[in-house]
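Asks: Just passing along the structure, written as structure tokens.
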Amino acid sequence: MKLLTRDFGKIEVDEKDIVTFTGPIFGFEKYHRFAFLYHEEISEHFIWLQSVDEPNLCFLLVEPQLVSHHYRPELPEDAVRLLEDGEWMCYLLVSIREPFQSSTVNLKSPIVVNPEKRQAAQFILDEELPIRHPLFREGKD
């Protein structure tokens, strides 16, 4: 399917690469279908989460292990209900700041995906975690 995007213009996306949010992205509850986009020339570490229905709605994600080796979120009980059983992948929302080295990630509310079922949800964790954690590690974590 053809998809109009904010950052990459018009692109071709396979239907099987569309993920449905069975639990909303907080603040964007009316949008449910997203595509994961990769642009290795820019960075192999960042993933664009592009809305299928709104070209200007796009989030930047990163894998937690790039930010902290110790991040092991304990998901709430409704995770299985929203995502079903299977292997889950976790991503952190990035907030771009100026200068770029000041950018942060949200450890409190990860995006969790069941790639086999193509379902996703954002969760607010019970753990005491920051919503503005530095994207870039300084020394050991």
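Ordering of the structure tokens sets the chain letters (A, B, ...), residue numbers begin anew at 1 in every chain, and ligands are numbered from 1 in the order given.
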Can you tell me which residues surround A:Ser103 at a distance of at most 12 Å, considering only C-alpha atoms, apart from same-chain residues fewer than 2 positions away, and format the answer as JSON, numbers by chain?
Replies: {"A": [60, 61, 62, 67, 93, 94, 95, 96, 97, 98, 99, 100, 101, 105, 106, 131, 132, 133, 134, 135, 136, 137]}
Asks: Mind checking which residues fall within 10 Å of stretch 56-58 of chain A, counting only C-alpha atoms, ignoring those fewer than 3 positions away in the same chain, and posting them as a ChimeraX atom specification?
Replies: /A:4-7,28,31,34-37,48-53,61
Asks: As a PDB file with C-alpha atoms, in the first residue's frame, please: the residues near stretch 22-27 of chain A (cut-off 9 Å, only C-alpha atoms, same-chain neighbours under 5 positions excluded).
Replies:
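Resulting contents of part.pdb:
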ATOM      1  CA  HIS A  32      -4.664   2.856  15.794  1.00  0.00           C
ATOM      2  CA  ALA A  79      -0.672  -6.618  28.575  1.00  0.00           C
ATOM      3  CA  LEU A  82      -4.152  -6.250  24.740  1.00  0.00           C
ATOM      4  CA  LEU A  83      -1.261  -7.969  22.951  1.00  0.00           C
ATOM      5  CA  ILE A 111       5.563   1.031  23.384  1.00  0.00           C
ATOM      6  CA  GLN A 119      -0.574  -5.657  17.814  1.00  0.00           C
ATOM      7  CA  ALA A 120       0.872  -2.922  20.003  1.00  0.00           C
ATOM      8  CA  ALA A 121       0.052  -0.835  23.061  1.00  0.00           C
ATOM      9  CA  GLN A 122       1.587   1.852  25.198  1.00  0.00           C
ATOM     10  CA  PHE A 123       1.699   1.136  28.909  1.00  0.00           C
TER      11      PHE A 123
END
Asks: Quick one: residues within 10 Å of A:Ile124, only C-alpha atoms, excluding same-chain residues fewer than 3 positions away - as a list of chain:residue names?
Replies: A:Phe26, A:Leu75, A:Pro76, A:Leu107, A:Lys108, A:Ser109, A:Pro110, A:Ile111, A:Glu127, A:Leu129
Asks: Compare A:Arg118, A:Arg33, A:Lys2, A:His39 by their minimum atom-to-atom distance to A:Trp88, counting only C-alpha atoms, and give me the closest one.
Replies: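 Among A:Arg118, A:Arg33, A:Lys2, A:His39, it is A:Arg118 that comes nearest to A:Trp88.
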Asks: Going by DSSP on the backbone, which bits of stretch 10-121 of chain A are strand (DSSP E)? Write them as a count of residues only, please.
Replies: 44
Asks: Could you check how far atom CA of A:His70 sits from atom CA of A:Gly86, in Å to one decimal?
Replies: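 If I compute the distance from atom CA of A:His70 to atom CA of A:Gly86, I get 22.3 Å.
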Asks: Report, in Å with one decimal, the straight-line distance from atom CA of A:Lys117 to atom CA of A:Ser68.
Replies: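 That distance, rounded to one decimal, is 27.1 Å.
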Asks: If you run DSSP on the backbone here, which positions in chain A get alpha helix (DSSP H)? Please write them as a ChimeraX atom specification.
Replies: /A:78-83
Asks: Go ahead and write the selection's residues with C-alpha atoms as a compact mmCIF listing (two decimals), in the first residue's frame.
Replies:
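For reference, selection_39.txt as written:
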# COMPACT_ATOMS: atom_id res chain seq x y z
CA ASP A 78 -3.66 -6.25 30.94
CA ALA A 79 -0.67 -6.62 28.58
CA VAL A 80 -1.69 -10.17 27.63
CA ARG A 81 -5.27 -9.06 27.05
CA LEU A 82 -4.15 -6.25 24.74
CA LEU A 83 -1.26 -7.97 22.95
Asks: From the options A:Leu125, A:Pro115, A:Gln65, A:Tyr91, which residue's atoms come nearest to A:Ile47, counting only C-alpha atoms?
Replies: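 Between A:Leu125, A:Pro115, A:Gln65, A:Tyr91, the residue approaching A:Ile47 most closely is A:Tyr91.
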